[in-house]
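Working notes, structure below.
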Amino acid sequence: MTKHEAEKIIQKIVQDVFGVDKKYEFDEFAKKFAYDISLPVEAIDAITGKQTWAASLAPKKFISMSTVEARESEQGDWMYPKESIESMDQLLNLWNRVNYWATDHVMESDDVAQSDSVYRSQHVFRSIDVRDSDHVVLTNGATESQYIAASKTSNTSTYCIRLNESKKCSSSFDVSLSGKVVKSLFVHDAYDLYECLFCSHITGKKYCIANMQFEQDEYFRIKKMVIDWLLNR
(Lines give C-alpha, C1' and ligand atoms only; values in the text may rest on other atoms or scores of the structure.)
Protein backbone atom coordinates (compact mmCIF):
# COMPACT_ATOMS: atom_id res chain seq x y z
CA MET A 1 0.00 0.00 0.00
CA THR A 2 1.45 3.36 -1.04
CA LYS A 3 0.39 7.00 -0.82
CA HIS A 4 -0.54 6.87 -4.48
CA GLU A 5 -2.81 3.88 -3.89
CA ALA A 6 -4.30 5.63 -0.85
CA GLU A 7 -5.06 8.65 -3.06
CA LYS A 8 -7.04 6.38 -5.39
CA ILE A 9 -9.12 5.17 -2.45
CA ILE A 10 -9.68 8.77 -1.33
CA GLN A 11 -10.76 9.79 -4.83
CA LYS A 12 -13.27 6.94 -4.97
CA ILE A 13 -14.75 7.89 -1.58
CA VAL A 14 -14.93 11.59 -2.51
CA GLN A 15 -16.71 10.69 -5.74
CA ASP A 16 -19.29 8.63 -3.86
CA VAL A 17 -19.87 11.07 -0.98
CA PHE A 18 -19.88 14.36 -2.91
CA GLY A 19 -20.73 13.23 -6.43
CA VAL A 20 -17.74 15.05 -7.93
CA ASP A 21 -14.55 13.81 -9.51
CA LYS A 22 -12.09 15.78 -7.39
CA LYS A 23 -8.54 14.54 -6.84
CA TYR A 24 -6.66 15.23 -3.63
CA GLU A 25 -3.02 14.62 -2.92
CA PHE A 26 -2.70 12.48 0.18
CA ASP A 27 -1.16 15.17 2.41
CA GLU A 28 -3.68 17.76 1.19
CA PHE A 29 -6.60 15.50 2.08
CA ALA A 30 -5.07 14.66 5.46
CA LYS A 31 -4.64 18.33 6.33
CA LYS A 32 -8.16 19.24 5.22
CA PHE A 33 -10.13 16.35 6.67
CA ALA A 34 -8.03 14.36 9.18
CA TYR A 35 -6.57 17.30 11.12
CA ASP A 36 -7.98 16.22 14.51
CA ILE A 37 -7.56 12.44 14.27
CA SER A 38 -4.82 10.62 16.21
CA LEU A 39 -2.99 8.65 13.53
CA PRO A 40 0.13 6.45 13.44
CA VAL A 41 3.38 8.34 13.86
CA GLU A 42 6.75 7.49 12.39
CA ALA A 43 9.18 5.82 14.78
CA ILE A 44 12.56 4.11 14.48
CA ASP A 45 13.08 0.42 15.16
CA ALA A 46 15.66 0.44 17.98
CA ILE A 47 17.31 -2.75 16.70
CA THR A 48 17.33 -2.32 12.91
CA GLY A 49 17.25 1.49 12.70
CA LYS A 50 14.51 1.23 10.08
CA GLN A 51 11.29 3.20 9.86
CA THR A 52 8.24 1.81 11.66
CA TRP A 53 4.82 3.19 12.61
CA ALA A 54 3.34 3.39 16.10
CA ALA A 55 0.05 4.45 17.63
CA SER A 56 1.98 6.62 20.11
CA LEU A 57 5.54 7.85 20.68
CA ALA A 58 5.13 7.76 24.46
CA PRO A 59 6.95 4.42 25.00
CA LYS A 60 10.17 5.91 23.49
CA LYS A 61 11.79 2.60 22.42
CA PHE A 62 10.24 0.67 19.55
CA ILE A 63 10.60 -2.54 17.63
CA SER A 64 8.57 -3.55 14.58
CA MET A 65 6.69 -6.82 14.50
CA SER A 66 8.86 -7.92 11.57
CA THR A 67 11.95 -7.48 13.76
CA VAL A 68 10.30 -9.45 16.57
CA GLU A 69 9.50 -12.26 14.14
CA ALA A 70 13.01 -12.20 12.67
CA ARG A 71 14.56 -12.50 16.16
CA GLU A 72 12.28 -15.43 17.01
CA SER A 73 13.09 -17.10 13.70
CA GLU A 74 16.85 -16.72 14.19
CA GLN A 75 17.14 -17.39 17.94
CA GLY A 76 13.97 -19.27 18.81
CA ASP A 77 12.73 -16.88 21.50
CA TRP A 78 13.65 -13.84 23.60
CA MET A 79 15.01 -15.73 26.62
CA TYR A 80 18.40 -14.90 28.21
CA PRO A 81 20.56 -16.94 30.60
CA LYS A 82 19.61 -16.53 34.26
CA GLU A 83 21.47 -13.85 36.22
CA SER A 84 21.56 -13.20 39.95
CA ILE A 85 19.65 -9.98 40.66
CA GLU A 86 21.05 -7.90 43.50
CA SER A 87 19.60 -4.42 43.02
CA MET A 88 16.77 -2.50 41.47
CA ASP A 89 19.18 -0.68 39.14
CA GLN A 90 20.37 -4.01 37.80
CA LEU A 91 16.78 -5.26 37.42
CA LEU A 92 15.71 -2.12 35.58
CA ASN A 93 18.68 -2.45 33.21
CA LEU A 94 17.71 -6.04 32.49
CA TRP A 95 14.12 -4.93 31.86
CA ASN A 96 15.40 -2.23 29.50
CA ARG A 97 17.26 -4.90 27.54
CA VAL A 98 14.01 -6.54 26.46
CA ASN A 99 11.42 -3.80 26.87
CA TYR A 100 10.72 -2.65 23.30
CA TRP A 101 7.28 -1.36 22.32
CA ALA A 102 6.11 -3.50 19.39
CA THR A 103 4.79 -1.52 16.42
CA ASP A 104 3.27 -2.28 13.03
CA HIS A 105 0.87 -4.77 14.60
CA VAL A 106 -0.75 -6.31 11.53
CA MET A 107 -2.46 -9.67 11.94
CA GLU A 108 -4.17 -11.74 9.22
CA SER A 109 -4.21 -8.71 6.90
CA ASP A 110 -2.94 -7.79 3.45
CA ASP A 111 -1.72 -4.62 1.74
CA VAL A 112 -1.28 -2.58 4.92
CA ALA A 113 1.25 0.25 5.36
CA GLN A 114 2.14 2.97 7.88
CA SER A 115 -0.44 1.52 10.28
CA ASP A 116 -0.68 -0.11 13.71
CA SER A 117 -3.17 -2.54 15.26
CA VAL A 118 -4.77 -3.84 12.07
CA TYR A 119 -6.57 -7.16 12.19
CA ARG A 120 -8.19 -9.24 9.43
CA SER A 121 -8.26 -6.28 7.04
CA GLN A 122 -7.04 -5.30 3.59
CA HIS A 123 -5.87 -2.13 1.81
CA VAL A 124 -5.21 0.01 4.88
CA PHE A 125 -2.97 3.08 4.97
CA ARG A 126 -1.90 5.38 7.85
CA SER A 127 -4.55 4.04 10.25
CA ILE A 128 -4.94 2.57 13.75
CA ASP A 129 -7.26 -0.05 15.23
CA VAL A 130 -8.82 -1.37 12.05
CA ARG A 131 -10.70 -4.66 12.25
CA ASP A 132 -12.44 -6.75 9.59
CA SER A 133 -12.42 -3.84 7.15
CA ASP A 134 -10.98 -2.87 3.78
CA HIS A 135 -9.97 0.30 1.94
CA VAL A 136 -9.39 2.39 5.06
CA VAL A 137 -7.26 5.56 5.05
CA LEU A 138 -6.32 8.08 7.77
CA THR A 139 -8.63 6.49 10.32
CA ASN A 140 -8.47 5.65 14.03
CA GLY A 141 -10.97 2.92 14.72
CA ALA A 142 -12.96 1.11 12.01
CA THR A 143 -14.78 -2.23 12.31
CA GLU A 144 -16.56 -4.14 9.57
CA SER A 145 -16.39 -1.14 7.24
CA GLN A 146 -15.30 -0.41 3.68
CA TYR A 147 -14.02 2.74 1.97
CA ILE A 148 -13.64 4.87 5.08
CA ALA A 149 -11.39 7.95 5.37
CA ALA A 150 -10.52 10.44 8.11
CA SER A 151 -12.82 8.76 10.63
CA LYS A 152 -12.89 7.61 14.27
CA THR A 153 -14.33 4.65 16.19
CA SER A 154 -17.11 3.68 13.82
CA ASN A 155 -18.39 0.42 12.39
CA THR A 156 -20.49 -1.33 9.75
CA SER A 157 -20.32 1.64 7.39
CA THR A 158 -19.30 2.32 3.79
CA TYR A 159 -18.04 5.30 1.80
CA CYS A 160 -17.80 7.83 4.60
CA ILE A 161 -15.47 10.73 5.45
CA ARG A 162 -15.21 12.07 9.01
CA LEU A 163 -17.45 9.45 10.55
CA ASN A 164 -17.24 9.58 14.35
CA GLU A 165 -18.68 7.04 16.79
CA SER A 166 -21.39 6.05 14.34
CA LYS A 167 -22.63 2.90 12.64
CA LYS A 168 -24.56 1.68 9.62
CA CYS A 169 -23.86 4.88 7.68
CA SER A 170 -23.04 5.28 4.00
CA SER A 171 -22.10 7.91 1.44
CA SER A 172 -21.94 10.62 4.11
CA PHE A 173 -19.64 13.30 5.50
CA ASP A 174 -19.06 14.55 9.05
CA VAL A 175 -21.48 12.31 10.90
CA SER A 176 -21.13 11.80 14.65
CA LEU A 177 -22.95 9.79 17.31
CA SER A 178 -25.48 8.62 14.73
CA GLY A 179 -26.78 5.52 12.96
CA LYS A 180 -28.34 4.65 9.60
CA VAL A 181 -27.39 7.97 8.01
CA VAL A 182 -27.27 7.85 4.20
CA LYS A 183 -26.14 10.44 1.64
CA SER A 184 -25.98 13.20 4.24
CA LEU A 185 -23.55 15.92 5.33
CA PHE A 186 -22.95 17.38 8.79
CA VAL A 187 -25.18 15.25 11.01
CA HIS A 188 -24.95 14.85 14.79
CA ASP A 189 -26.87 12.62 17.19
CA ALA A 190 -29.46 11.48 14.66
CA TYR A 191 -30.89 8.21 13.36
CA ASP A 192 -32.33 6.93 10.11
CA LEU A 193 -31.73 9.96 7.89
CA TYR A 194 -31.58 10.06 4.10
CA GLU A 195 -30.29 13.11 2.23
CA CYS A 196 -30.10 15.56 5.12
CA LEU A 197 -27.76 18.49 5.81
CA PHE A 198 -26.72 20.15 9.07
CA CYS A 199 -29.19 18.20 11.19
CA SER A 200 -29.12 17.06 14.82
CA HIS A 201 -31.35 15.08 17.20
CA ILE A 202 -33.91 13.97 14.60
CA THR A 203 -35.10 10.54 13.42
CA GLY A 204 -36.63 9.12 10.27
CA LYS A 205 -36.32 12.19 8.02
CA LYS A 206 -35.23 13.04 4.49
CA TYR A 207 -34.55 16.29 2.62
CA CYS A 208 -34.08 18.21 5.87
CA ILE A 209 -31.63 21.09 6.31
CA ALA A 210 -30.83 22.47 9.76
CA ASN A 211 -33.82 20.50 11.09
CA MET A 212 -36.19 22.14 8.59
CA GLN A 213 -38.17 20.24 5.97
CA PHE A 214 -37.49 21.13 2.31
CA GLU A 215 -38.85 20.02 -1.03
CA GLN A 216 -36.54 17.74 -3.02
CA ASP A 217 -35.59 20.35 -5.64
CA GLU A 218 -34.83 22.98 -3.00
CA TYR A 219 -32.80 20.49 -1.04
CA PHE A 220 -30.51 19.51 -3.92
CA ARG A 221 -29.94 23.14 -4.91
CA ILE A 222 -28.70 23.89 -1.41
CA LYS A 223 -26.71 20.63 -1.19
CA LYS A 224 -24.78 21.61 -4.33
CA MET A 225 -23.99 24.98 -2.74
CA VAL A 226 -22.75 23.22 0.42
CA ILE A 227 -20.51 20.82 -1.51
CA ASP A 228 -18.99 23.66 -3.57
CA TRP A 229 -18.29 25.58 -0.34
CA LEU A 230 -16.85 22.54 1.40
CA LEU A 231 -14.51 21.36 -1.34
CA ASN A 232 -13.29 24.75 -2.55
CA ARG A 233 -12.87 26.79 0.62
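Letters for chains follow the order of the C-alpha coordinates (A, B, ...), residue numbers begin at 1 for each chain, and ligand numbers begin at 1 in the order shown.
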Exercise for review: Give me every alpha helix (DSSP H) residue in range 32-210 of chain A, going by DSSP on the backbone, as a PyMOL selection string.
Suggested key: chain A and resi 32-33+65-75+88-98
Practice item. Pull the strand (DSSP E) assignments for range 63-180 of chain A out of DSSP run on the backbone, and list those residues as a ChimeraX atom specification. Key: /A:63-64,101-103,106-107,110-113,116-119,122-125,128-131,134-137,140-143,146-149,152-155,158-164,170-176,179-180
Point to revise | Which residue of A:Tyr159, A:Ala55, A:Leu230, A:Val68 approaches Ser38 in chain A most closely, using only C-alpha atoms | key: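 The closest residue to Ser38 in chain A is A:Ala55.
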Practice item. Identify, on the basis of only C-alpha atoms, every residue whose closest approach to Lys167 in chain A does not exceed 10 Å; exclude the query and any residue fewer than 3 positions from it along the same chain; express the result as a PyMOL selection string. Key: chain A and resi 142-145+153-158+163-164+170+175-181+191
Check your understanding: Hey, what's within 10 Å of Tyr100 in chain A if we count only C-alpha atoms and toss same-chain stuff fewer than 6 positions away? As a PyMOL selection string, please?
Key -> chain A and resi 45-47+59-64+68
Study note, to complete from the structure: From CA of Ala70 in chain A to CA of Glu42 in chain A the spacing works out at 20.7 Å
Check your understanding: Between A:Ala43, A:Cys160, A:Cys208, A:Leu92, which is the closest to Ser115 in chain A once you count only C-alpha atoms?
Key ->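 Using only C-alpha atoms, Ser115 in chain A sits closest to A:Ala43.
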Check your understanding: When you draw a straight line from CA of Ser133 in chain A to CA of Ile161 in chain A, how long is it in Å?
Key -> 15.0 Å
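Between CA of Val118 in chain A and CA of Lys32 in chain A the separation is 24.3 Å.
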